[in-house]
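*Asks:* The following block contains the structure, expressed as structure tokens.
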Amino acid sequence: MIRSTPLARLLLAGAAALVAATPALAEGEQFIPLLVYRTGQFAPLGIPWADGKQDYLKLVNARDGGVNGVKLAFEECETAYDAGKGVECYERLKGKDGGASGFDTQSTGITFAVTDKAFVDKIPVETAGYGLSQSADGTVFQWNFPLMGTYWTATDVILQDIAKKAGGLKGKKIALVYHDSPYGKEPIPLLQKRAAAEGFEVLLLPVTPPGVEQKATWLQVRQQRPDYVLFWSAGVMTPAGLREAQATGFPR
């Protein structure tokens, strides 16, 4: 069963606004490129995401006749979560069928790679809860549209929760075990700023993708004895890290 979620309604509202802004296409179709990663190390995450987006666009066309009478056309392009392939998809699809309405890259690395291009091409880059955190400043990043917060938002929420449970952050040691990629590095600037302001220590422990081997990382955790570990993982890195955390005796 397909459901209408808040995210889906938000993306649909954005699509409607873009349709309204392009009256020349009012009697045709609005083209929506779908960057996907059905292959590669993150395919278990990418496949259901890609299926859901495509199903939702089909639903809008079948149930509602499109948006304001304009049908939504789409085409998938496989990136395998690779920035280079993502740029190739962007370049190939940006001018298709009268021009792409915008790009939901599904990848932080690809977001980084196409942001400067989108600024020149004047094409929206929409990131739902991921992407380039500093793009929340729309006065600088005029063509990036971060929806539902950013990784800095998520990091701040986590720190607030720790502070509430621990009675503050001062004097604490917080480790970040992170996927060594643009995605995994996103929390670092906020953590460092907050640490300087609130008097806690940050321990940065990168994990080489895909993250299957983490024994050395968790031995460092055992040696450094942080009060909390923020585990910023994706794909196979997640179960591998949880197993190593258990093996080294890190408390739940």
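Going by the structure tokens order, chains are called A, B, ..., each with residues numbered from 1, while ligands are numbered from 1 in the order shown.
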Within 7 Å of segment 149-157 of chain A, which residues of segment 169-227 of chain A show up? Give each one with its shortest atom-to-atom distance in Å (one decimal) and the two atoms involved, counting only C-alpha atoms, rows by chain then rising residue number, as a Markdown table.

*Replies:*
| residue | atom | partner | partner_atom | distance |
| --- | --- | --- | --- | --- |
| A:Glu186 | CA | A:Tyr151 | CA | 6.3 |
| A:Pro187 | CA | A:Trp152 | CA | 5.9 |
| A:Leu190 | CA | A:Trp152 | CA | 6.3 |

*Asks:* Would you export the selected residues with N, CA and C atoms as a JSON list (two decimals), in the first residue's frame, please?

*Replies:*
[["chain", "number", "residue", "atom", "x", "y", "z"],
["A", 186, "GLU", "N", 30.12, 15.47, 7.84],
["A", 186, "GLU", "CA", 29.22, 16.60, 8.03],
["A", 186, "GLU", "C", 29.06, 17.05, 9.50],
["A", 187, "PRO", "N", 29.01, 16.15, 10.49],
["A", 187, "PRO", "CA", 28.82, 16.62, 11.87],
["A", 187, "PRO", "C", 30.02, 17.34, 12.47],
["A", 190, "LEU", "N", 30.14, 21.31, 13.40],
["A", 190, "LEU", "CA", 29.24, 21.68, 14.49],
["A", 190, "LEU", "C", 29.76, 21.14, 15.83]]

*Asks:* For segment 26-40 of chain A, please output as a PyMOL selection string all residues within 6 Å (counting only C-alpha atoms; exclusion window: fewer than 6 positions along the same chain).

*Replies:* chain A and resi 46-47+50+70-81+100-101+105

*Asks:* List every residue of segment 130-165 of chain A that DSSP, applied to the backbone of this structure, assigns to alpha helix (DSSP H), and report them as a list in words.

*Replies:* Tyr151, Trp152, Thr153, Ala154, Thr155, Asp156, Val157, Ile158, Leu159, Gln160, Asp161, Ile162, Ala163, Lys164 and Lys165 of chain A

*Asks:* Next, the residues of the selection above should be written as a compact mmCIF listing (two decimals), in the first residue's frame with N, CA, C and O atoms.

*Replies:*
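result.txt, written as the output of this step:
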# COMPACT_ATOMS: atom_id res chain seq x y z
N TYR A 151 22.26 17.67 8.54
CA TYR A 151 23.06 16.88 9.47
C TYR A 151 23.47 17.70 10.69
O TYR A 151 23.67 17.14 11.78
N TRP A 152 23.62 19.00 10.51
CA TRP A 152 23.92 19.84 11.68
C TRP A 152 22.72 19.87 12.62
O TRP A 152 22.88 19.87 13.84
N THR A 153 21.53 19.90 12.06
CA THR A 153 20.32 19.82 12.88
C THR A 153 20.32 18.54 13.70
O THR A 153 20.07 18.54 14.91
N ALA A 154 20.62 17.42 13.03
CA ALA A 154 20.61 16.12 13.70
C ALA A 154 21.66 16.07 14.81
O ALA A 154 21.40 15.57 15.91
N THR A 155 22.85 16.60 14.52
CA THR A 155 23.92 16.59 15.52
C THR A 155 23.54 17.43 16.73
O THR A 155 23.77 17.04 17.88
N ASP A 156 22.93 18.56 16.49
CA ASP A 156 22.50 19.42 17.59
C ASP A 156 21.45 18.73 18.46
O ASP A 156 21.51 18.82 19.69
N VAL A 157 20.52 18.03 17.84
CA VAL A 157 19.50 17.30 18.59
C VAL A 157 20.14 16.24 19.48
O VAL A 157 19.77 16.06 20.65
N ILE A 158 21.13 15.53 18.93
CA ILE A 158 21.83 14.50 19.70
C ILE A 158 22.54 15.12 20.90
O ILE A 158 22.47 14.60 22.03
N LEU A 159 23.23 16.24 20.68
CA LEU A 159 23.95 16.90 21.78
C LEU A 159 22.98 17.40 22.85
O LEU A 159 23.28 17.32 24.05
N GLN A 160 21.85 17.92 22.42
CA GLN A 160 20.86 18.37 23.39
C GLN A 160 20.38 17.20 24.26
O GLN A 160 20.19 17.35 25.48
N ASP A 161 20.19 16.05 23.64
CA ASP A 161 19.72 14.88 24.38
C ASP A 161 20.77 14.42 25.38
O ASP A 161 20.46 14.10 26.53
N ILE A 162 22.05 14.40 24.95
CA ILE A 162 23.13 14.01 25.86
C ILE A 162 23.20 14.98 27.03
O ILE A 162 23.33 14.58 28.20
N ALA A 163 23.13 16.28 26.72
CA ALA A 163 23.21 17.30 27.77
C ALA A 163 22.09 17.14 28.78
O ALA A 163 22.29 17.29 30.00
N LYS A 164 20.92 16.83 28.30
CA LYS A 164 19.77 16.66 29.20
C LYS A 164 19.97 15.46 30.13
O LYS A 164 19.69 15.53 31.33
N LYS A 165 20.48 14.36 29.57
CA LYS A 165 20.66 13.15 30.37
C LYS A 165 21.86 13.24 31.30
O LYS A 165 21.86 12.67 32.40

*Asks:* Just list the residues in segment 65-244 of chain A DSSP gives strand (DSSP E or B) on the backbone, as a VMD selection string.

*Replies:* chain A and resid 67 70 to 78 103 125 to 128 144 to 147 173 to 179 201 to 207 228 to 232

*Asks:* Which residues are close to Phe119 of chain A, i.e. within 9 Å by only C-alpha atoms, leaving aside same-chain residues fewer than 4 positions away? Reply as a list in words.

*Replies:*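 Near Phe119 of chain A, the qualifying residues are Val114, Thr115, Ile123, Pro124, Phe141, Gln142, Trp143 and Asn144 of chain A.
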
*Asks:* List as number ranges by chain the protein and nucleic acid residues near segment 174-180 of chain A, meaning an atom at most 6 Å away when only C-alpha atoms are counted, but skip any in the same chain fewer than 5 places from it.

*Replies:* A: 202-208, 226-233

*Asks:* Could you save the residues just selected, with all heavy atoms, as a short mmCIF file (atom, residue, chain, number, x, y, z; two decimals), in the first residue's frame?

*Replies:*
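Contents of part.cif, freshly written:
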data_model
loop_
_atom_site.label_atom_id
_atom_site.label_comp_id
_atom_site.auth_asym_id
_atom_site.auth_seq_id
_atom_site.Cartn_x
_atom_site.Cartn_y
_atom_site.Cartn_z
N VAL A 202 36.15 16.44 21.80
CA VAL A 202 35.68 15.64 20.66
C VAL A 202 36.81 14.75 20.18
O VAL A 202 37.93 15.22 19.93
CB VAL A 202 35.19 16.53 19.50
CG1 VAL A 202 34.81 15.68 18.30
CG2 VAL A 202 34.01 17.38 19.94
N LEU A 203 36.51 13.47 20.05
CA LEU A 203 37.46 12.49 19.53
C LEU A 203 36.95 12.03 18.17
O LEU A 203 35.85 11.49 18.06
CB LEU A 203 37.56 11.30 20.50
CG LEU A 203 38.47 10.14 20.10
CD1 LEU A 203 39.92 10.60 20.02
CD2 LEU A 203 38.31 8.99 21.11
N LEU A 204 37.74 12.27 17.11
CA LEU A 204 37.32 11.93 15.74
C LEU A 204 37.96 10.63 15.30
O LEU A 204 39.18 10.50 15.25
CB LEU A 204 37.70 13.06 14.78
CG LEU A 204 37.11 14.43 15.08
CD1 LEU A 204 37.62 15.47 14.09
CD2 LEU A 204 35.58 14.39 15.08
N LEU A 205 37.10 9.65 14.95
CA LEU A 205 37.58 8.32 14.57
C LEU A 205 36.96 7.93 13.22
O LEU A 205 35.84 7.39 13.17
CB LEU A 205 37.21 7.29 15.65
CG LEU A 205 37.80 7.54 17.04
CD1 LEU A 205 37.24 6.55 18.04
CD2 LEU A 205 39.33 7.46 17.00
N PRO A 206 37.67 8.19 12.12
CA PRO A 206 37.13 7.85 10.80
C PRO A 206 37.19 6.34 10.53
O PRO A 206 38.10 5.65 10.99
CB PRO A 206 38.04 8.62 9.84
CG PRO A 206 39.34 8.73 10.57
CD PRO A 206 38.98 8.86 12.02
N VAL A 207 36.23 5.87 9.76
CA VAL A 207 36.19 4.46 9.33
C VAL A 207 36.22 4.45 7.80
O VAL A 207 35.39 5.08 7.15
CB VAL A 207 34.92 3.75 9.84
CG1 VAL A 207 34.81 2.35 9.25
CG2 VAL A 207 34.92 3.69 11.36
N THR A 208 37.18 3.74 7.23
CA THR A 208 37.30 3.68 5.79
C THR A 208 36.13 2.91 5.19
O THR A 208 35.82 1.80 5.62
CB THR A 208 38.62 2.98 5.38
OG1 THR A 208 39.72 3.69 5.95
CG2 THR A 208 38.77 2.94 3.88
N PRO A 226 35.66 7.27 25.88
CA PRO A 226 34.76 8.42 25.79
C PRO A 226 33.49 8.17 26.60
O PRO A 226 33.10 7.02 26.83
CB PRO A 226 34.45 8.52 24.29
CG PRO A 226 34.63 7.13 23.79
CD PRO A 226 35.75 6.54 24.60
N ASP A 227 32.86 9.25 27.01
CA ASP A 227 31.59 9.11 27.74
C ASP A 227 30.46 8.70 26.80
O ASP A 227 29.53 7.99 27.20
CB ASP A 227 31.24 10.45 28.41
CG ASP A 227 32.28 10.86 29.43
OD1 ASP A 227 32.35 10.20 30.49
OD2 ASP A 227 33.03 11.82 29.17
N TYR A 228 30.53 9.18 25.57
CA TYR A 228 29.51 8.85 24.57
C TYR A 228 30.18 8.66 23.22
O TYR A 228 31.20 9.29 22.92
CB TYR A 228 28.46 9.97 24.45
CG TYR A 228 27.62 10.15 25.68
CD1 TYR A 228 28.01 11.04 26.69
CD2 TYR A 228 26.44 9.44 25.84
CE1 TYR A 228 27.25 11.20 27.83
CE2 TYR A 228 25.67 9.60 26.99
CZ TYR A 228 26.07 10.48 27.98
OH TYR A 228 25.32 10.63 29.10
N VAL A 229 29.59 7.79 22.40
CA VAL A 229 30.03 7.60 21.02
C VAL A 229 28.87 7.93 20.09
O VAL A 229 27.77 7.39 20.24
CB VAL A 229 30.50 6.16 20.76
CG1 VAL A 229 30.76 5.94 19.26
CG2 VAL A 229 31.77 5.85 21.55
N LEU A 230 29.12 8.86 19.17
CA LEU A 230 28.16 9.11 18.10
C LEU A 230 28.58 8.24 16.92
O LEU A 230 29.67 8.42 16.37
CB LEU A 230 28.15 10.58 17.69
CG LEU A 230 28.00 11.62 18.80
CD1 LEU A 230 27.80 13.01 18.19
CD2 LEU A 230 26.86 11.28 19.73
N PHE A 231 27.74 7.31 16.54
CA PHE A 231 28.08 6.35 15.48
C PHE A 231 27.41 6.79 14.19
O PHE A 231 26.22 6.58 13.99
CB PHE A 231 27.60 4.96 15.92
CG PHE A 231 28.07 3.85 15.02
CD1 PHE A 231 29.36 3.82 14.52
CD2 PHE A 231 27.22 2.81 14.70
CE1 PHE A 231 29.79 2.80 13.70
CE2 PHE A 231 27.63 1.77 13.89
CZ PHE A 231 28.92 1.76 13.38
N TRP A 232 28.17 7.45 13.32
CA TRP A 232 27.65 8.07 12.10
C TRP A 232 27.94 7.12 10.94
O TRP A 232 28.93 7.25 10.24
CB TRP A 232 28.32 9.43 11.89
CG TRP A 232 27.46 10.42 11.18
CD1 TRP A 232 27.38 10.61 9.84
CD2 TRP A 232 26.58 11.38 11.78
NE1 TRP A 232 26.49 11.61 9.55
CE2 TRP A 232 25.99 12.11 10.73
CE3 TRP A 232 26.24 11.69 13.10
CZ2 TRP A 232 25.07 13.14 10.96
CZ3 TRP A 232 25.32 12.70 13.31
CH2 TRP A 232 24.75 13.41 12.26
N SER A 233 27.05 6.17 10.75
CA SER A 233 27.34 5.06 9.83
C SER A 233 26.32 4.96 8.72
O SER A 233 25.33 5.69 8.67
CB SER A 233 27.36 3.74 10.62
OG SER A 233 26.05 3.43 11.08
#
